[in-house]
Amino acid sequence: MAPRLDFSDWWGKDRKKGTPVVVKMENPNYSVVEINGPDSAFRPVEKSRGKNAKQVTWVLLLKAHRAVGCVAWLATVFWALLGTIKKRLIFRQGVAVATEKLGKGKLVLKIIRVFLVTSLAILAFEVLAYSKGWRYFESANLHIPSTLDLQGLLHMVYVAWLTFRADYIAPVIQVLSQFCVVLFLIQSVDRLVLCLGCFWIKYKKIKPRIDGDPFKSDDVEAPGYEYPMVLVQIPMCNEREVYEQSISAVCQMDWPKDRILIQVLDDSNDESIQWLIKAEVTKWNQKGVNIIYRHRLIRTGYKAGNLKSAMSCDYVKDYEFVAIFDADFQPNPDFLKLTVPHFKNNPELGLVQARWAFVNKDENLLTRLQNINLCFHFEVEQQVNGAFLNFFGFNGTAGVWRIKALEESGGWLERTTVEDMDIAVRAHLNGWKFIFLNDVKVLCEVPESYEAYRKQQHRWHSGPMQLFRLCLPAIITSKIALWKKANLIFLFFLLRKLILPFYSFTLFCIILPLTMFVPEAELPMWVICYVPVLMSFLNILPAPKSFPFIVPYLLFENTMSVTKFNAMVSGLFQLGSSYEWVVTKKAGRSSESDLLAAAERDSKTMNQPQICRGASETELELLNQLKEQKEAAPKSIKKVNKIYRKELSLAFLLLTASVRSLLSAQGVHFYFLLFQGVTFLVVGLDLIGEQIS
């Protein structure tokens with residue numbers, strides 16, 4: 001009978017007990033196992049032992065299966081992309097071509113097409129030379145063969161091309177590339193200094209603070225609280241999707257009812273939207289909110305004209321401050337109590353700007369990339385300039401102005417599409433100071449489609465150049481300090497508004513592809529790879545959750561340089577599209593907390609009887625008609641995607657250059673140009689919201 005081994009006694013004691021046991025089997029086919037102690041049988045077995053050929057084979061088959069699956073997935077994605085290209089470019093199914101309004105706007109497209117045709121011709125010639133074994137173009141130190149070495153007419157033409165390229169084309173590209181590299185380094189240093197300033201602010205915990213109780217009365221005889229008169233303006237134009245949540249958020253701000261007036265400045269040309277907004281204003285007016293509706297009969301000057309018309313009202317003189325919110329902004333109830341107190345005992349302060357937060361930043365890849373840029377803009381640029389210079393560009397919304405500062409600076413002007421930057425520059429020239437509150441956030445939306453984002457970026461980059469032309473004489477003749485003039489001209493306008501789009505487009509979209517055909521002017525690796533990656537890393541620091549998107553961010557920024565460069569040129573030279581204003585399309589999204597609050601309000605409304613105080617029968621009938629119109633409103637028809645020809649042309653130019661870099665065995669250049677070309681191709685086919693969401 002086999003001995004009974006009771007392991008429970010061994011487990012319950014700390015020391016070993018018993019003698020070594022030797023088990024011998026009579027069958028010689030089995031090996032002898034010696035157990036020196038109770039724990040020896042439970043020691044971990046080495047992974048390398050016990051493997052046979054069959055197990056190794058199964059492991060290799062499993063790895064091969066995973067590799068084949070990955071390749072199959074890549075092939076499926078590539079095949080789907082080719083199918084989409086065939087459907088949209090060849091058969092034009094479900095697409096529309098994005099066209100420029102004026103002939104001058106097609107100048108950039110014509111230039112890109114010339115480069116594309118030239119590159120294709122050179123590539124064909126280079127492939128032919130490569131197939132014949134003429135490898136003279138692989139090195140920048142060209143060896144031009146003598147006349148005795150010439151073999152045939154084609155070889156002679158090729159050698160003539162090499163000579164012409166080295167003597168005439170390469171020097172021009174080298175000079176232009178060196179100039180762009182210098183601009184690139186200057187802009188990189190500026191961005192690095194801004195990041196260091198942001199780190200210093202975080203380290204020293206520098207931020208505007210409120211001393212004591214700002215609303216407590218200083219009058220000893222009449223103690224209590226004094227709240228200044230605040231005017232709140234909500235400019236909007238055909239904002240069907242967002243008007244309700246914006247008006248609702250503003251009407252719920254925590255401020256004495258008799259010390260606040262809300263102006264809904266409606267520039268809508270759609271009568272149904274006008275009636276809906278009127279009904280919303282009437283609803284909140286019946287709840288005791290001091291809110292009025294204004295509609296202009298003569299709609300000139302876009303947003304600036306709307307604000308200018310509202311400030312001309314007689315009752316505005318009774319108010320000390322004005323807060324501005326665009327139609328998609330939803331301020332928190334404590335917004336005014338966090339911003340207005342900074343004006344107390346600070347007579348030189350003209351503007352308090354709050355930060356934006358985005359309810360749809362994770363909607364698709366495009367919104368995630370926008371979030372990276374805007375987080376850097378607020379966290380670094382606005383905060384550093386506000387802390388050290390007391391000046392930055394007004395963002396046009398989510399800010400509180402001292403009305404006296406607006407009036408002394410000339411008020412709202414209709415001369416550009418960036419009226420917010422215009423009034424900020426003029427107020428700075430008049431000596432007013434600005435404060436940026438990074439801790440006060442206002443919810444809003446970012447564009448979810450490439451078409452809306454492209455139009456927004458065009459306005460944001462053409463307007464500053466147009467403003468620079470108009471403000472330059474005033475900056476030079478102003479009485480502010482010389483270093484402030486230099487900051488305005490060289491940093492605020494030239495470096496960040498003109499040089500940035502110029503060098504990014506010229507260097508990475510034109511010169512880099514051309515250097516593949518002109519090896520003598522090849523860019524160094526640190527310009528193509530190291531510095532751009534470092535700058536992208538710095539840009540993404542304020543949004544650390546976006547680190548997985550650093551590569552798409554770098555590629556997409558180069559892609560958007562086409563739109564930004566085109567807008568910069570149109571604004572600088574007053575081309576046709578420089579004064580074009582298109583309202584950014586909104587989706588009307590709300591945050592989770594807003595949805596919960598709305599559900600709670602609806603439940604309270606259903607449980608309580610509805611009483612409409614001060615409403616006549618005519619107003620009630622009007623409200624009922626508006627509700628019926630809102631319910632019967634036709635559903636929006638999905639728009640077809642567009643084809644953007646400039647992006648597509650640049651995509652084929654970059655892909656052509658990537659093939660040329662493959663011939664010369666330039667690995668990093670090949671991958672960079674290939675991925676950048678595919679990015680341009682995806683954007684050119686407008687697949688942002690459909691294929692990669």
# chains A, B, ... in the order shown; residues from 1 in each chain; ligands from 1
call {"tool": "residues_around", "arguments": {"residues": "stretch 409-424 of chain A", "least_positions_apart": "3", "cutoff": "6 Å", "atoms": "only C-alpha atoms", "output": "list in words"}}
result
Gly301, Ala304, Lys308, Gly393, Phe394, Gly396, Leu406, Ala427 and Gly463 of chain A
call {"tool": "select_by_dssp", "arguments": {"residues": "stretch 438-544 of chain A", "states": "alpha helix (DSSP H)", "output": "VMD selection string"}}
result
chain A and resid 450 to 477 482 to 486 500 to 505 512 to 515 525 531 to 540
call {"tool": "atom_distance", "arguments": {"atom1": "atom CA of A:Leu498", "atom2": "atom CA of A:Arg454"}}
result
17.7 Å
call {"tool": "residues_around", "arguments": {"residues": "A:Val340", "least_positions_apart": "4", "cutoff": "10 Å", "atoms": "only C-alpha atoms", "output": "list in words"}}
result
Pro214, Phe215, Tyr227, Pro228, Val230, Phe321, Val322, Ala323, Phe335, Leu336, Lys344, Leu351, Val352, Gly399, Val400, Trp401 and Arg402 of chain A
call {"tool": "write_last_selection", "arguments": {"atoms": "C-alpha atoms", "output": "short mmCIF file (atom, residue, chain, number, x, y, z; two decimals), in the first residue's frame"}}
result
data_model
loop_
_atom_site.label_atom_id
_atom_site.label_comp_id
_atom_site.auth_asym_id
_atom_site.auth_seq_id
_atom_site.Cartn_x
_atom_site.Cartn_y
_atom_site.Cartn_z
CA PRO A 214 -14.74 92.07 -3.11
CA PHE A 215 -18.46 92.80 -2.82
CA TYR A 227 -22.53 94.44 -6.79
CA PRO A 228 -21.54 96.42 -9.90
CA VAL A 230 -23.04 94.04 -15.46
CA PHE A 321 -18.86 95.98 -17.22
CA VAL A 322 -19.92 93.86 -20.17
CA ALA A 323 -19.52 90.08 -20.45
CA PHE A 335 -18.65 83.00 -13.62
CA LEU A 336 -19.29 86.66 -12.77
CA LYS A 344 -11.96 96.21 -7.91
CA LEU A 351 -10.21 92.84 -19.64
CA VAL A 352 -10.57 89.58 -17.72
CA GLY A 399 -14.45 87.54 -21.23
CA VAL A 400 -15.48 90.59 -19.22
CA TRP A 401 -14.61 94.09 -20.45
CA ARG A 402 -14.64 97.36 -18.59
#
call {"tool": "atom_distance", "arguments": {"atom1": "atom CA of A:Glu348", "atom2": "atom CA of A:Leu482"}}
result
19.6 Å
call {"tool": "atom_distance", "arguments": {"atom1": "atom CA of A:Thr76", "atom2": "atom CA of A:Cys509"}}
result
28.6 Å
call {"tool": "residues_around", "arguments": {"residues": "A:Gly684", "least_positions_apart": "3", "cutoff": "10 Å", "atoms": "only C-alpha atoms", "output": "list in words"}}
result
Ala98, Tyr450, Thr559, Lys642, Ile643, Tyr644, Arg645, Lys646, Glu647, Leu648, Ser649, Leu650, Ala651, Val678, Thr679, Phe680, Leu681, Leu687 and Ile688 of chain A
call {"tool": "residues_around", "arguments": {"residues": "A:Leu194", "least_positions_apart": "3", "cutoff": "10 Å", "atoms": "only C-alpha atoms", "output": "ChimeraX atom specification"}}
result
/A:188-191,197-200,380-385,538
call {"tool": "write_last_selection", "arguments": {"atoms": "N, CA and C atoms", "output": "compact mmCIF listing (two decimals), in the first residue's frame"}}
result
# COMPACT_ATOMS: atom_id res chain seq x y z
N SER A 188 10.81 78.15 -32.96
CA SER A 188 10.97 77.09 -31.96
C SER A 188 11.50 77.64 -30.64
N VAL A 189 12.43 78.60 -30.73
CA VAL A 189 12.94 79.24 -29.51
C VAL A 189 11.83 80.01 -28.81
N ASP A 190 11.00 80.71 -29.58
CA ASP A 190 9.88 81.43 -28.99
C ASP A 190 8.94 80.48 -28.26
N ARG A 191 8.65 79.34 -28.87
CA ARG A 191 7.76 78.37 -28.24
C ARG A 191 8.40 77.77 -26.99
N GLY A 197 8.24 79.71 -19.46
CA GLY A 197 7.43 80.63 -18.67
C GLY A 197 6.24 79.96 -18.01
N CYS A 198 5.62 79.02 -18.72
CA CYS A 198 4.50 78.28 -18.15
C CYS A 198 4.97 77.40 -16.98
N PHE A 199 6.14 76.75 -17.13
CA PHE A 199 6.68 75.95 -16.03
C PHE A 199 6.99 76.82 -14.82
N TRP A 200 7.48 78.02 -15.06
CA TRP A 200 7.79 78.94 -13.96
C TRP A 200 6.51 79.36 -13.23
N VAL A 380 -0.52 77.92 -22.21
CA VAL A 380 0.84 78.45 -22.37
C VAL A 380 0.81 79.89 -22.87
N GLU A 381 0.31 80.10 -24.09
CA GLU A 381 0.40 81.42 -24.71
C GLU A 381 -0.37 82.48 -23.92
N GLN A 382 -1.66 82.25 -23.69
CA GLN A 382 -2.46 83.26 -23.01
C GLN A 382 -2.02 83.47 -21.57
N GLN A 383 -1.74 82.39 -20.87
CA GLN A 383 -1.38 82.50 -19.45
C GLN A 383 -0.03 83.20 -19.28
N VAL A 384 0.96 82.84 -20.11
CA VAL A 384 2.29 83.46 -19.98
C VAL A 384 2.23 84.94 -20.35
N ASN A 385 1.57 85.26 -21.47
CA ASN A 385 1.47 86.66 -21.88
C ASN A 385 0.67 87.49 -20.87
N LEU A 538 6.20 69.48 -26.87
CA LEU A 538 5.91 70.64 -26.03
C LEU A 538 4.46 71.09 -26.21
call {"tool": "residues_around", "arguments": {"residues": "A:Val172", "least_positions_apart": "4", "cutoff": "12 Å", "atoms": "only C-alpha atoms", "output": "list in words"}}
result
Arg165, Ala166, Asp167, Tyr168, Leu176, Ser177, Gln178, Phe179, Ile511, Leu514, Thr515, Val518, Glu520 and Ala521 of chain A
call {"tool": "write_last_selection", "arguments": {"atoms": "all heavy atoms", "output": "tab-separated table (two decimals), in the first residue's frame"}}
result
chain	number	residue	atom	x	y	z
A	165	ARG	N	20.95	71.02	-62.67
A	165	ARG	CA	20.39	70.94	-61.33
A	165	ARG	C	21.39	71.42	-60.28
A	165	ARG	O	21.04	72.16	-59.36
A	165	ARG	CB	19.98	69.50	-61.04
A	165	ARG	CG	19.25	69.29	-59.74
A	165	ARG	CD	18.97	67.82	-59.52
A	165	ARG	NE	20.19	67.09	-59.16
A	165	ARG	CZ	20.25	65.78	-59.01
A	165	ARG	NH1	19.18	65.04	-59.23
A	165	ARG	NH2	21.39	65.19	-58.66
A	166	ALA	N	22.65	70.99	-60.42
A	166	ALA	CA	23.66	71.36	-59.44
A	166	ALA	C	24.04	72.83	-59.53
A	166	ALA	O	24.37	73.46	-58.51
A	166	ALA	CB	24.90	70.48	-59.61
A	167	ASP	N	24.00	73.42	-60.71
A	167	ASP	CA	24.47	74.80	-60.90
A	167	ASP	C	23.39	75.85	-60.70
A	167	ASP	O	23.69	76.98	-60.27
A	167	ASP	CB	25.08	74.96	-62.30
A	167	ASP	CG	26.34	74.12	-62.48
A	167	ASP	OD1	26.94	73.75	-61.45
A	167	ASP	OD2	26.72	73.83	-63.64
A	168	TYR	N	22.14	75.51	-61.00
A	168	TYR	CA	21.10	76.54	-61.03
A	168	TYR	C	19.93	76.27	-60.06
A	168	TYR	O	19.44	77.20	-59.42
A	168	TYR	CB	20.54	76.69	-62.46
A	168	TYR	CG	21.59	77.12	-63.45
A	168	TYR	CD1	22.19	76.20	-64.30
A	168	TYR	CD2	21.99	78.46	-63.53
A	168	TYR	CE1	23.16	76.59	-65.20
A	168	TYR	CE2	22.96	78.86	-64.43
A	168	TYR	CZ	23.55	77.92	-65.27
A	168	TYR	OH	24.51	78.30	-66.16
A	176	LEU	N	16.60	79.24	-50.05
A	176	LEU	CA	15.25	79.28	-49.50
A	176	LEU	C	15.10	78.37	-48.29
A	176	LEU	O	14.48	78.73	-47.29
A	176	LEU	CB	14.24	78.90	-50.59
A	176	LEU	CG	12.76	78.99	-50.20
A	176	LEU	CD1	12.40	80.40	-49.77
A	176	LEU	CD2	11.87	78.53	-51.36
A	177	SER	N	15.70	77.18	-48.37
A	177	SER	CA	15.61	76.25	-47.24
A	177	SER	C	16.35	76.78	-46.02
A	177	SER	O	15.88	76.65	-44.89
A	177	SER	CB	16.15	74.88	-47.65
A	177	SER	OG	17.53	74.96	-47.97
A	178	GLN	N	17.51	77.39	-46.22
A	178	GLN	CA	18.25	77.96	-45.10
A	178	GLN	C	17.47	79.11	-44.45
A	178	GLN	O	17.45	79.25	-43.22
A	178	GLN	CB	19.61	78.45	-45.56
A	178	GLN	CG	20.57	77.32	-45.94
A	178	GLN	CD	21.86	77.83	-46.56
A	178	GLN	OE1	22.05	79.04	-46.70
A	178	GLN	NE2	22.74	76.91	-46.93
A	179	PHE	N	16.81	79.91	-45.27
A	179	PHE	CA	15.99	80.99	-44.73
A	179	PHE	C	14.83	80.44	-43.91
A	179	PHE	O	14.55	80.93	-42.80
A	179	PHE	CB	15.46	81.85	-45.89
A	179	PHE	CG	14.55	82.96	-45.47
A	179	PHE	CD1	15.02	84.03	-44.72
A	179	PHE	CD2	13.20	82.94	-45.81
A	179	PHE	CE1	14.18	85.05	-44.33
A	179	PHE	CE2	12.35	83.95	-45.42
A	179	PHE	CZ	12.84	85.02	-44.68
A	511	ILE	N	9.60	72.63	-50.00
A	511	ILE	CA	11.05	72.40	-50.09
A	511	ILE	C	11.40	70.95	-49.82
A	511	ILE	O	12.22	70.36	-50.54
A	511	ILE	CB	11.78	73.34	-49.10
A	511	ILE	CG1	11.60	74.79	-49.52
A	511	ILE	CG2	13.26	73.00	-49.03
A	511	ILE	CD1	12.26	75.78	-48.59
A	514	LEU	N	10.85	68.75	-52.77
A	514	LEU	CA	11.78	69.07	-53.86
A	514	LEU	C	13.19	68.59	-53.57
A	514	LEU	O	13.94	68.27	-54.50
A	514	LEU	CB	11.78	70.58	-54.10
A	514	LEU	CG	10.50	71.17	-54.70
A	514	LEU	CD1	10.66	72.66	-54.94
A	514	LEU	CD2	10.13	70.47	-56.00
A	515	THR	N	13.59	68.55	-52.30
A	515	THR	CA	14.95	68.08	-52.00
A	515	THR	C	15.14	66.61	-52.34
A	515	THR	O	16.28	66.16	-52.48
A	515	THR	CB	15.26	68.29	-50.50
A	515	THR	OG1	14.26	67.64	-49.71
A	515	THR	CG2	15.30	69.77	-50.17
A	518	VAL	N	16.47	66.99	-55.65
A	518	VAL	CA	17.69	67.80	-55.69
A	518	VAL	C	18.51	67.43	-54.45
A	518	VAL	O	18.43	68.10	-53.42
A	518	VAL	CB	17.38	69.31	-55.71
A	518	VAL	CG1	18.67	70.11	-55.89
A	518	VAL	CG2	16.39	69.64	-56.80
A	520	GLU	N	21.47	67.81	-53.62
A	520	GLU	CA	22.43	68.81	-53.16
A	520	GLU	C	21.84	69.72	-52.08
A	520	GLU	O	22.57	70.31	-51.29
A	520	GLU	CB	22.91	69.67	-54.33
A	520	GLU	CG	23.61	68.90	-55.43
A	520	GLU	CD	22.65	68.35	-56.47
A	520	GLU	OE1	21.43	68.39	-56.23
A	520	GLU	OE2	23.12	67.88	-57.51
A	521	ALA	N	20.52	69.88	-52.06
A	521	ALA	CA	19.85	70.76	-51.11
A	521	ALA	C	19.12	69.98	-50.02
A	521	ALA	O	18.15	70.47	-49.44
A	521	ALA	CB	18.86	71.67	-51.84
call {"tool": "residues_around", "arguments": {"residues": "A:Ser504", "least_positions_apart": "5", "cutoff": "8 Å", "atoms": "only C-alpha atoms", "output": "NGL selection string"}}
result
:A and (184 or 509 or 558 or 561)
call {"tool": "select_by_dssp", "arguments": {"residues": "stretch 436-535 of chain A", "states": "strand (DSSP E)", "output": "list in words"}}
result
Phe436, Leu437, Asn438, Asp439, Val440, Lys441, Val442, Leu443 and Cys444 of chain A
call {"tool": "closest_residue", "arguments": {"among": "A:Ile480, A:Leu512, A:Leu366, A:Val440", "to": "A:Ala657", "atoms": "only C-alpha atoms"}}
result
A:Leu512
call {"tool": "closest_residue", "arguments": {"among": "A:Leu472, A:Ala452, A:Ala64, A:Val359", "to": "A:Val583", "atoms": "only C-alpha atoms"}}
result
A:Ala452
call {"tool": "closest_residue", "arguments": {"among": "A:Pro235, A:Ile499, A:Phe652, A:Glu363", "to": "A:Gly305", "atoms": "only C-alpha atoms"}}
result
A:Pro235
